[in-house]
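Shown next, in structure tokens, is the structure this report addresses.
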Amino acid sequence: MNATDLLANTLSPDTATRQNATQQLETAFRESYPDYMNMLSTVLVDENNPLHVRNSAGLALKNALSAREAARQADNSTKWLSLSIDQRNKIKQEALLTLASPQQKAGAFAAQVVAAIAAVELPQGQWADLIEVLLGFVNNQANTNLKIATLQAIGFICESIKPEILSLRANEILTAVIHGARKEETSPEVQLAAIHALYNSLEFVRDNFEREGERNYIMQVVCEATQNGSVPVQVAAFECLVRIMSLYYEKMGLYMEQALFGLTVVGMKHQDERVALQAVEFWSTVCEEEMELALEASEAAEWGEQPEIESRHFAKIALPEIVPVLLLLLTKQEEDADEDEWNISMAAGTCLTLLAGAVQDHIVGAVIPFIEGNIKAEDWHRREAAVMAFGSILDGPDPNNLTPLVNQALPLLIDMMADSNIHVKDTTAWTLGRICDLLIVTIKPDVHLHPLISALVSGLQDNPRIVANCCWALMNLADQFGFYVEDDQENAQTGPLSPYVDGIVQALLRVTESAGNESNFRTSAYEAITSYVTHATPDVIPVVQNTVLTILQRMEHLLSIHNQIVGVDDRNNWNELQSNFCSVIIAVIRKLGDGIQPLADRIMTLILQLIQAAGKTSTMLEDAFLVVGTLAAALEANFAAYIPAFLPSLYPALKAHEDTQLCTVAVGIIGDISRALGEQSAQYAADFMTVLLENLRSDVLNRNVKITILSCFGDIALAVGPGFEPYLNTTMDVLGQASQINPNPLDYDSIDYVGELRKGILEAYTGVVTGLKNTEKALLLLQYAQRILELINKCLSEEDKDDAMMKLCYGLIGDLADAFPGGQLKQLFLTPWIASELRSKHRMSSDTKKTLRWARDRVKNATQ
């Protein structure tokens, strides 16, 4: 079978034909990669081949070069770079030739192939003339398709490659892209491709944005494009403005005054919803930026500093123009709108919410007249819009200013839960949920609680969307009153919800009896039950106990019918219910603590059955393991009886190296068991350490799991204390090697990863030092002290260290000093950097300051 037929068969409607062809291609990719790539390239470039086959070849080529997962991307890159120069040049040349194809879609796929090759080669310093070649194509006035595909390729390249790699060609790329985006360009397709390319290049033309003349020209071209005759070009131009505002807020003052205020307000009223959505998104972005700047200004003020960028308060200035438009857009709801489909009324509601956060109290006066004028309107669109507007402005203004409004509105909103229109009821339930979440102090138990709960419980029998929002409101009620009571009265025996808890939980349990889960309402009910369990006061503990009995009965029933479940939907439903059961059981265990002991046997029996039934369904196993970890923490030493039965289920999960999340949870269980059993866990330490060290050597295991393993070493060491001696040298060698890994300063992912890795190492060292100090084995730490302090110095020297990192570092300094109060490490602790750090003026939380003061005191003892 030739290559064209094979690719055509991968698109066949016949399942067997399609699977057979796909399998042949996968085999070719694995076993004869050079021939495979050459074949695809030959098909792509051949104008005689059918378009759908050429597109298939282009997609396969791109997928052979790029991947979302880092490990697979690295593998694909290695494969490509292993080809000979001639083989690579042939494929690159054919991809470039295809950019000029008369068939635009073939050129678009070729653009993706060119970008995928560039993403591999340019960071390696290869294909040095690519940008020059592409710029030459853009300037080719004779071939419109070539210009379009080339601009697409440039856009894809800018999107996939770090700005630093292309910074030297930024001027040329920007010139070519802007030239294609100008209003003088006669082809809307070229303009669209150019604006998309500009969007992707905005981050690395930062230097151009610093120069006023160039910035003015870029902004002129983009603003003119918002008035283009082509709607797709207008949409792309507004998308560009959104990104420009996000990246270059501080440069936007002049343009906001001269053009952007007017353009975006008109754009929000555009008859084509695609344009209006982007214009609304522009103001959402302005609000997000200004909320972030307000937060930074507040933090800077705490330290007596000036913020790097000051807010220009664009949202506050534009308030009189944009609020009326947003309120009008709120009334554009569609009767049968799909809740998952983003539309203009949803966008307006989101923007209004962000606007409230940005302008705070100023939003109230601008919106209240609309609410008062429409909340009793006959037209449901206006009624629902009024309720949505009210719910949207609850987060931002001073609660004291909102309290009288909420007190006035609450009785009306509660009555509106019986509205004749489903959309009004849905939004009302959401608004009540927002009040419960954000303004719990406005809900007076003796006035509002009974009618509010009655309305929400009645709503549990309504449409699934309304049920989901009522569950959310009831959950917020439990969470916020729970936090309020816990903060206000440490040993409170009762709370304002106590008289209602039993009735609410029973109503929620009735909701969870449903066979379906439309709009996620059944899951929402279980989440609400979990909140009522979590915040249960002592007087409603019997409700918690009865609830867990109901859940355990349901779990037993589901496990008993496990073998009868055959369909995929039924299996997913079964898994989802078991996950919900596990969440409630975890909350009950945490609430009852060691009071769960009478039910522990039953719970462990069911969990072991669940693990058996789950097979290789990792999400089920994760949930089951989390129950085990929680039970171990509650029972502590009494958990020992269950370990022999549980460990055979744990080890396969620890060895499931390809399943990142499951392996992470399994490693966490080792920490839970070690902490629960303390010194008793020494009998399992050898097996635990063996499997964890094997995992560290795995080439398949995700590197983030390895960080969790390092931290787990600390848990084991802390639990077994002096019993950790047999594993000390190996552990310290592993930690020492990991400490040598430094980030690539140009790679943000690398910087983040090394930061988390170092936290894991510090946690491990903390466990080891704390486990051995105050024991006869403390002297074993002497040989490692300098290495530990060198890592701490490296961590504290980083400019972008966070509060968690500083706390770990200071705590470990204190622990090490505490381990040797007799002066054995005096010289190490007298090094200048330690004295400097212990007088640190870094920004830090009060908790970290406390740790710093403690460390300073410990070091003082260790150096006297």
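In the structure tokens, chains take the letters A, B, ... in the order shown, each chain's residues start at 1, and ligands count up from 1 in the order shown.
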
* To do: Write out as a ChimeraX atom specification each polymer residue whose atoms come within 10 Å of A:Ala645, counting only C-alpha atoms; drop sequence neighbours fewer than 3 positions from it.
  => /A:604-605,608,641-642,648-650

* Would you mind listing what lies within 9 Å of stretch 78-82 of chain A as a PyMOL selection string, with only C-alpha atoms counted and same-chain residues fewer than 2 positions away left out? => chain A and resi 33-34+64-65+73-76+84-85+88+117+120-121

* Can you tell me, as a count of residues only, what residues are no more than 8 Å from stretch 412-418 of chain A when counting only C-alpha atoms, ignoring any on the same chain fewer than 4 positions away? -> 11

* To do: Would you kindly return, as number ranges by chain, each protein, DNA or RNA residue with an atom no farther than 6 Å from any atom of stretch 720-729 of chain A, considering only C-alpha atoms and excluding same-chain residues fewer than 6 positions away?
  => A: 679, 682, 771-772, 777

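Taking atom CA of A:Asn573 and atom CA of A:Cys663 as endpoints, the distance between them is 24.1 Å.
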
Leaving out A:Asn742 and any residue of its chain fewer than 4 positions from it, which residues lie within 9 Å of it when counting only C-alpha atoms, given as an mmCIF file with C-alpha atoms, in the first residue's frame?
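The result, written out as out-v3.cif:
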```
data_model
loop_
_atom_site.group_PDB
_atom_site.id
_atom_site.type_symbol
_atom_site.label_atom_id
_atom_site.label_comp_id
_atom_site.auth_asym_id
_atom_site.auth_seq_id
_atom_site.Cartn_x
_atom_site.Cartn_y
_atom_site.Cartn_z
ATOM 1 C CA SER A 750 13.167 25.089 35.096
ATOM 2 C CA ILE A 751 13.251 27.900 37.678
ATOM 3 C CA VAL A 754 14.282 23.740 40.943
#
```

* To do: For A:Phe581, work out the shell of residues within 12 Å, counting only C-alpha atoms and skipping chain neighbours fewer than 4 positions away, then give it as a ChimeraX atom specification.
  => /A:509,512,522-523,525-527,529-530,547-559,574-577,585-588,603,606-607,610,620,623-624,626-627

* To do: Could you give me, as JSON, numbers by chain, the residues within 10 Å of A:Met689, counting only C-alpha atoms and dropping anything in the same chain fewer than 3 positions from it?
  => {"A": [670, 684, 685, 686, 692, 693, 694, 695, 709, 712, 713, 716, 727, 730, 731]}

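Nearest residue to A:Asp340 among A:Ala225, A:Ile792, A:Arg465, A:Cys436 is A:Arg465, counting only C-alpha atoms.
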
* **Closest of A:Gln609, A:Leu247, A:Ala614, A:Pro320 to A:Arg571 - atom-to-atom distances counting only C-alpha atoms** => A:Ala614

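In this comparison, which uses only C-alpha atoms, the residue of A:Lys850, A:Thr186, A:Glu132, A:Arg68 approaching A:Leu168 most closely is A:Glu132.
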
* Asked: Taking the backbone alone, and naming residues the way the document does, which bits of stretch 316-407 of chain A are helix (DSSP H, G or I) by DSSP, as JSON, numbers by chain?
  -> {"A": [316, 317, 318, 319, 320, 321, 322, 323, 324, 325, 326, 327, 328, 329, 330, 344, 345, 346, 347, 348, 349, 350, 351, 352, 353, 354, 355, 356, 357, 358, 359, 362, 363, 364, 365, 366, 367, 368, 369, 370, 371, 372, 373, 374, 380, 381, 382, 383, 384, 385, 386, 387, 388, 389, 390, 391, 392, 399, 400, 401, 402, 403, 404, 405, 406, 407]}

Export, as a CSV table (one decimal), in the first residue's frame, the selected residues with C-alpha atoms.
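The result, written out as out_39.csv:
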```
chain,number,residue,atom,x,y,z
A,316,LYS,CA,-12.9,54.1,37.4
A,317,ILE,CA,-12.6,56.8,34.7
A,318,ALA,CA,-14.6,54.8,32.2
A,319,LEU,CA,-17.3,53.7,34.6
A,320,PRO,CA,-20.0,56.0,33.4
A,321,GLU,CA,-19.5,54.8,29.8
A,322,ILE,CA,-19.0,51.1,30.2
A,323,VAL,CA,-21.5,50.3,33.0
A,324,PRO,CA,-24.6,51.2,31.0
A,325,VAL,CA,-23.4,49.0,28.1
A,326,LEU,CA,-22.6,46.1,30.4
A,327,LEU,CA,-26.1,46.3,32.0
A,328,LEU,CA,-27.7,46.4,28.6
A,329,LEU,CA,-25.7,43.3,27.5
A,330,LEU,CA,-26.9,41.5,30.7
A,344,ILE,CA,-22.4,38.1,25.6
A,345,SER,CA,-24.6,38.2,28.7
A,346,MET,CA,-22.2,35.8,30.5
A,347,ALA,CA,-19.2,37.9,29.5
A,348,ALA,CA,-21.0,41.1,30.7
A,349,GLY,CA,-21.7,39.5,34.1
A,350,THR,CA,-18.1,38.4,34.5
A,351,CYS,CA,-16.8,41.9,33.5
A,352,LEU,CA,-19.2,43.5,35.9
A,353,THR,CA,-17.9,41.3,38.7
A,354,LEU,CA,-14.3,42.2,37.8
A,355,LEU,CA,-15.3,45.9,37.6
A,356,ALA,CA,-16.7,45.7,41.1
A,357,GLY,CA,-13.3,44.4,42.3
A,358,ALA,CA,-11.4,47.1,40.5
A,359,VAL,CA,-13.5,50.2,41.4
A,362,HIS,CA,-17.8,53.3,43.0
A,363,ILE,CA,-19.7,50.5,41.4
A,364,VAL,CA,-22.6,50.6,43.8
A,365,GLY,CA,-24.1,53.9,42.8
A,366,ALA,CA,-23.6,53.1,39.1
A,367,VAL,CA,-25.6,49.8,39.3
A,368,ILE,CA,-28.2,50.2,42.0
A,369,PRO,CA,-30.6,52.3,39.9
A,370,PHE,CA,-30.7,49.6,37.2
A,371,ILE,CA,-31.4,46.9,39.9
A,372,GLU,CA,-34.2,48.9,41.5
A,373,GLY,CA,-35.7,49.7,38.1
A,374,ASN,CA,-35.7,46.1,36.8
A,380,TRP,CA,-37.9,38.1,32.7
A,381,HIS,CA,-34.8,39.3,30.8
A,382,ARG,CA,-34.7,42.5,32.8
A,383,ARG,CA,-35.6,40.7,36.0
A,384,GLU,CA,-32.8,38.2,35.7
A,385,ALA,CA,-30.3,40.9,34.6
A,386,ALA,CA,-31.2,42.9,37.7
A,387,VAL,CA,-30.5,39.9,40.0
A,388,MET,CA,-27.3,39.1,38.0
A,389,ALA,CA,-26.1,42.7,38.4
A,390,PHE,CA,-26.7,42.6,42.2
A,391,GLY,CA,-24.9,39.3,42.6
A,392,SER,CA,-22.0,40.5,40.5
A,399,PRO,CA,-19.1,45.1,53.2
A,400,ASN,CA,-20.4,47.9,55.5
A,401,ASN,CA,-21.7,49.8,52.4
A,402,LEU,CA,-23.3,46.7,51.0
A,403,THR,CA,-24.9,45.5,54.3
A,404,PRO,CA,-28.0,47.8,54.2
A,405,LEU,CA,-28.5,46.9,50.5
A,406,VAL,CA,-28.3,43.2,51.2
A,407,ASN,CA,-30.6,43.4,54.2
```
